[in-house]
Amino acid sequence: MEVQGLGKAFGPHRALEDVSLSVAAGEVVGIIGPSGSGKSTLLRCINHLEQPTSGRVLIDGVPIADPGGREPSAKELAALRRKVGMVFQSFNLFPHLTAVENVMLAQVKALGRPKQEARARALELLERVGIADKADSRPRRCSGGQQQRIAIARALALDPRVMLFDEPTSALDPELGLEVLGVMRELASDGMTMIVVTHEMHFAEEVADRIVFMADGRIVEEGPPRQVMRAPRHERTRRFLRAVLDR
Amino acid sequence: MTTAVLFAHWPDWIGDLSGGLLESVKLTAAISAVGLPLGLLLAMGSSLGPRPLRWLSIAVVEVARGVPALVVLYLVYFGLPQAHLTLEAFVAATIALGFTMAGYTAEIFRAGINAVPDGQREAARAVGLRRGQELLYVVLPQAVRIVIPPILGYVVLFFQATSLAFAVAIPELISRAYTIGSSTFEYLNVLILAALLYAAIAIPASQLVDWLERRRDRLA
Amino acid sequence: MSSVVDYLGPLSAGIGNTLLITFGAFGIGAAIGIPIALARSARWRPLRMLGVAYVELLRGIPPIAWLFIAFYGLAQLGIRVESMPAAVGGLGAISGAYMAEIYRAGLRAVPHGQFEAGRAVGLTESGLYRHVIVPQAIVTVFPPAMTYVIGLLKDSAIASVIGAQEITALALGEQQQSFAGLPIFLAAGIIYMAIGLPLGGISRWVDVRLTRRLADA
Ligand SMILES: Nc1ncnc2c1ncn2[C@@H]1O[C@H](COP(=O)(O)OP(=O)(O)OP(=O)(O)O)[C@@H](O)[C@H]1O
Ligand SMILES: [Mg+2]
C-alpha cells in the first residue's frame, strides 16, 4: 500500500500536509504522535471516510481516487473500503445486531456471500479472537475488550488487504486492553498488513516493524522501533517521548 | 389565473383580514390567560397533590388531551346552554380552547417540576422553609425557567388553533377570509392571503421559541 | 331528553371516516416525509431552502386554512376535490412536514460512528441506511410518530368544516336536529377517547419492545 503526498484541510486548518508512506505486504506500521497531530485524519483519509484534499492512496498499485480529481463514486468507495479494514477507538459496533450478525452484515450485504457461508466465517473469526461464546449476544452485553475484539472480527470478515487501527485500546481498562493487544499481536504474526495508531509505546515497540512519528499534520520521522523510540533524531520526537514516558 | 389576478384584491382585503388577525391574537391571549394557570394547577395537582386530587388532575388532563379541541368547543358552545349557561362565542372559545391548552401544558409543567432535583427540595426544607414556601421560592422558579420555551411553543400552536373559532362564527382571521371568499368566489386568493398572515406570525414566533430552547440548553 | 348513550351508536357511524382520515393522512405524511427530510438536509442550498420552506409553511399555517385551500381554493381553479380526499390530502401534506422533522431527529440520534463503521465495512449508502441506520433511528422515530398519529386523530375533527362525514360532522348534524348539544358532544368526546387511549397503550407497548430489542439479546 502506498500513500502519496496526502493532504487534508478543514477550512483554513491543515490537518495533514504532504504525507507519504509506503507499507509493504505483511508489514506492521505503528503511528505515534501528540494529540491533534493528524493520526486519525490520516487513517480516515486512507479509506476515504474523509475525502483527502490532495494526494492519493494506492493499494496493490491501483489508485483509490484521482489526485484532486473527481470524487470516487459511492460504488468505488464501497469496493475500496472492502480492501481496508478499520477498527475504531470507540468500537462502533452495530447495537441492534448480535456479535455474529455484526460480523456477517457486510459479508452478506457488501460482498454478497451466502448467509450460511458468512455465518460460518463469522463464527470462525469470533473463535479466532476468543469470543465464540458471545456470538449471540448484543454488544451492550459485552465488555469493552470483547466489543473491540468483535469489531476486529467484523473488519477481518471482508478479508481486507490492510487493517487500520485507531487507538483500539485507549477506551479500555488496561486489563481489557491486553486482550485486544493479544489479538492484534497474533494478527501481526500471521502476516496481516497493519497500520496501528497507538499510545501503547511498549506494544508499538514490540510488534511494529516500523514506527512513524507525526506532529502538526506531518511525518517528522520514521524508522525501526528501537531507533525511533530509543534514539530519535528529531527534537520534536524526543520531546514527545519524554512526555509520554515520564507518565 | 395570473399572479396579477392573484394579488389584485389583496389591498381591498388586507384591512378586513388584519382586523381578523387582531381578533385571533386577542383570542390567543385570552386562551393563554385561562390555559396556562389552569395547566400549572393541574400539574401541581397531579405531581404534588394528595392522592384523590392527583387522580382527579390526571383524569382532567387525559380528557383535555384526548378530546379534539373542536369537539370541546362545540360542547361548551352548544352543550352548556342546555345546562342553562349560554355563553358568548368568544367566551365559549376562550373556555374550550383554554381547557385544551391546560391539558397539553400541564404535561410540560409537570415535566418541569419533576426536572428540579430532589436535592433542591431537601435543601429548601433543611433551611426551614415550609412546604408552600419551598414550592413558591425554590421549585417553581426553577421549573418555570425550564418550561418557558415549550410553553411558548404551545402558545404559538394555540394561536393557530384560534382558527377553530371559525366554527362558532367568531370574526377571526379565517372566518373573515371565508366570508370574503363566499361573497367574491375568490376563495384561493383570499385564503392564501390569510394563510400568509398566519405564517407571518407563527413562523417567526416558533423560530424564536427554537432559539430560546437552544439558548436554554446551552446555558444548562 | 335523550342521554349520552343514545348518541354513541349514531356517531359511531363516523368512526370509519375518522380512521380513514387519520391513517390516510399519516400514510401520506410518513411517505412524503422521507424526501422532505432529505431535501431539508441536502447539500445543495436551493433544495435545502425548499425543504425548509415546505416544513415551515405547512406547520406555520393552521390546518383549517389548508383544508379550505384544498377544498374551496382549488375549486376556484376548476379542480374539484371531494371533502374526504381534500381532508386526507390536506392533513397528509401537513403530516409530511411534521414527519420530516421526526425523521431528522431520528437520524441525528444515531451516533456518527455508526455511519463511519457502516461505510468502513464497505456498505453502499443505501445498504448503510437500510441495515445500520434505519433500524436504530426507528427507536427514536417511533414514539413521536405515534404521538403524532394520536394528534392527527384529533385533528381529523377539523375535516368536518369541509363536510367530511366523520364523527364530529355527524355530531354537528345531530345537534342541528335536536339541539341536545350536551349529550351529543359528550358522546363524541367519549368515542375519540375510546379510540385514542388504546392507540396510546399500543404505542407504549411497541415502544418498550423496540427499546428492549436494541438494549440486549
Ligand atoms: N471533522 C473535522 N473538522 C475540523 N477539524 C478537524 C476534523 N477532524 C479533525 N480535525 C482537526 O484536525 C487535526 C488532527 O486531528 P486528528 O483527529 O487527526 O488528530 P489525532 O492525531 O488523531 O489526535 P488524537 O491523538 O487526539 O486522537 C486536529 O487539529 C483536529 O482538530
Ligand atoms: Mg485520533
# chains A, B, ... in the order shown; residues from 1 in each chain; ligands from 1
>>> select_by_dssp(residues="stretch 143-197 of chain A", states="strand (DSSP E or B)", output="list in words")
Val162, Met163, Leu164, Phe165, Asp166, Met194, Ile195, Val196 and Val197 of chain A
>>> residues_near_ligand(ligand="ligand 2", cutoff="7 Å", atoms="only C-alpha atoms and all ligand atoms", output="list of chain:residue names")
A:Ser35, A:Gly36, A:Lys39, A:Ser40, A:Asp166
>>> residues_near_ligand(ligand="ligand 1", cutoff="8 Å", atoms="only C-alpha atoms and all ligand atoms", output="number ranges by chain")
A: 9-11, 13-16, 33-42, 166-167, 214-217
>>> interface_residues(of="chain C", to="chain B", cutoff="8 Å", atoms="only C-alpha atoms", output="count of residues only")
35
>>> interface_residues(of="chain C", to="chain A", cutoff="12 Å", atoms="only C-alpha atoms", output="PyMOL selection string")
chain C and resi 110-139+210-217
>>> write_last_selection(atoms="N, CA and C atoms", output="compact mmCIF listing (two decimals), in the first residue's frame")
# COMPACT_ATOMS: atom_id res chain seq x y z
N VAL C 110 -28.69 8.85 15.82
CA VAL C 110 -27.76 7.75 15.57
C VAL C 110 -26.34 8.31 15.61
N PRO C 111 -25.48 7.73 16.48
CA PRO C 111 -24.14 8.29 16.62
C PRO C 111 -23.37 8.30 15.30
N HIS C 112 -22.55 9.32 15.13
CA HIS C 112 -21.77 9.49 13.92
C HIS C 112 -20.93 8.24 13.62
N GLY C 113 -20.42 7.62 14.67
CA GLY C 113 -19.58 6.44 14.49
C GLY C 113 -20.27 5.31 13.75
N GLN C 114 -21.59 5.25 13.84
CA GLN C 114 -22.33 4.19 13.15
C GLN C 114 -22.27 4.39 11.63
N PHE C 115 -22.33 5.65 11.20
CA PHE C 115 -22.21 5.94 9.77
C PHE C 115 -20.81 5.52 9.31
N GLU C 116 -19.80 5.91 10.10
CA GLU C 116 -18.43 5.61 9.74
C GLU C 116 -18.19 4.12 9.69
N ALA C 117 -18.68 3.42 10.72
CA ALA C 117 -18.43 1.98 10.77
C ALA C 117 -19.11 1.30 9.59
N GLY C 118 -20.34 1.72 9.27
CA GLY C 118 -21.05 1.13 8.15
C GLY C 118 -20.31 1.35 6.84
N ARG C 119 -19.80 2.57 6.66
CA ARG C 119 -19.04 2.85 5.44
C ARG C 119 -17.73 2.07 5.45
N ALA C 120 -17.09 2.01 6.62
CA ALA C 120 -15.78 1.35 6.69
C ALA C 120 -15.87 -0.13 6.35
N VAL C 121 -16.98 -0.78 6.62
CA VAL C 121 -17.08 -2.20 6.24
C VAL C 121 -17.59 -2.34 4.81
N GLY C 122 -17.64 -1.24 4.07
CA GLY C 122 -17.90 -1.35 2.64
C GLY C 122 -19.36 -1.41 2.23
N LEU C 123 -20.26 -1.01 3.12
CA LEU C 123 -21.66 -0.95 2.70
C LEU C 123 -21.84 0.24 1.76
N THR C 124 -22.75 0.09 0.79
CA THR C 124 -23.10 1.24 -0.03
C THR C 124 -23.99 2.15 0.81
N GLU C 125 -24.22 3.38 0.32
CA GLU C 125 -25.04 4.31 1.11
C GLU C 125 -26.42 3.72 1.39
N SER C 126 -27.02 3.09 0.39
CA SER C 126 -28.37 2.57 0.62
C SER C 126 -28.32 1.40 1.59
N GLY C 127 -27.28 0.57 1.49
CA GLY C 127 -27.13 -0.54 2.43
C GLY C 127 -26.89 -0.02 3.84
N LEU C 128 -26.10 1.03 3.92
CA LEU C 128 -25.82 1.65 5.22
C LEU C 128 -27.11 2.07 5.90
N TYR C 129 -27.96 2.78 5.13
CA TYR C 129 -29.22 3.25 5.72
C TYR C 129 -30.14 2.07 6.04
N ARG C 130 -30.26 1.13 5.09
CA ARG C 130 -31.19 0.02 5.28
C ARG C 130 -30.83 -0.85 6.48
N HIS C 131 -29.55 -1.19 6.57
CA HIS C 131 -29.19 -2.22 7.55
C HIS C 131 -28.63 -1.68 8.86
N VAL C 132 -28.14 -0.45 8.83
CA VAL C 132 -27.47 0.07 10.03
C VAL C 132 -28.22 1.25 10.64
N ILE C 133 -28.52 2.25 9.82
CA ILE C 133 -29.04 3.50 10.37
C ILE C 133 -30.54 3.41 10.70
N VAL C 134 -31.34 3.00 9.72
CA VAL C 134 -32.78 2.98 9.95
C VAL C 134 -33.20 2.09 11.13
N PRO C 135 -32.63 0.87 11.23
CA PRO C 135 -33.04 0.05 12.38
C PRO C 135 -32.79 0.72 13.72
N GLN C 136 -31.79 1.60 13.77
CA GLN C 136 -31.53 2.30 15.03
C GLN C 136 -32.38 3.55 15.16
N ALA C 137 -32.55 4.26 14.04
CA ALA C 137 -33.31 5.51 14.09
C ALA C 137 -34.77 5.25 14.46
N ILE C 138 -35.25 4.07 14.07
CA ILE C 138 -36.66 3.76 14.25
C ILE C 138 -37.07 3.84 15.72
N VAL C 139 -36.13 3.50 16.60
CA VAL C 139 -36.43 3.55 18.02
C VAL C 139 -36.72 4.98 18.46
N LEU C 210 -39.40 -2.26 21.19
CA LEU C 210 -38.33 -1.74 20.34
C LEU C 210 -37.09 -1.42 21.16
N THR C 211 -37.33 -0.73 22.28
CA THR C 211 -36.20 -0.33 23.11
C THR C 211 -35.48 -1.56 23.65
N ARG C 212 -36.26 -2.56 24.05
CA ARG C 212 -35.65 -3.75 24.61
C ARG C 212 -34.86 -4.48 23.54
N ARG C 213 -35.40 -4.51 22.31
CA ARG C 213 -34.73 -5.22 21.24
C ARG C 213 -33.34 -4.62 21.01
N LEU C 214 -33.26 -3.31 21.18
CA LEU C 214 -31.98 -2.67 20.95
C LEU C 214 -31.04 -2.85 22.14
N ALA C 215 -31.65 -3.02 23.32
CA ALA C 215 -30.83 -2.99 24.53
C ALA C 215 -30.04 -4.28 24.73
N ASP C 216 -30.67 -5.44 24.53
CA ASP C 216 -29.92 -6.67 24.78
C ASP C 216 -30.46 -7.84 23.98
N ALA C 217 -29.78 -8.95 24.10
CA ALA C 217 -30.14 -10.10 23.28
C ALA C 217 -31.44 -10.73 23.72
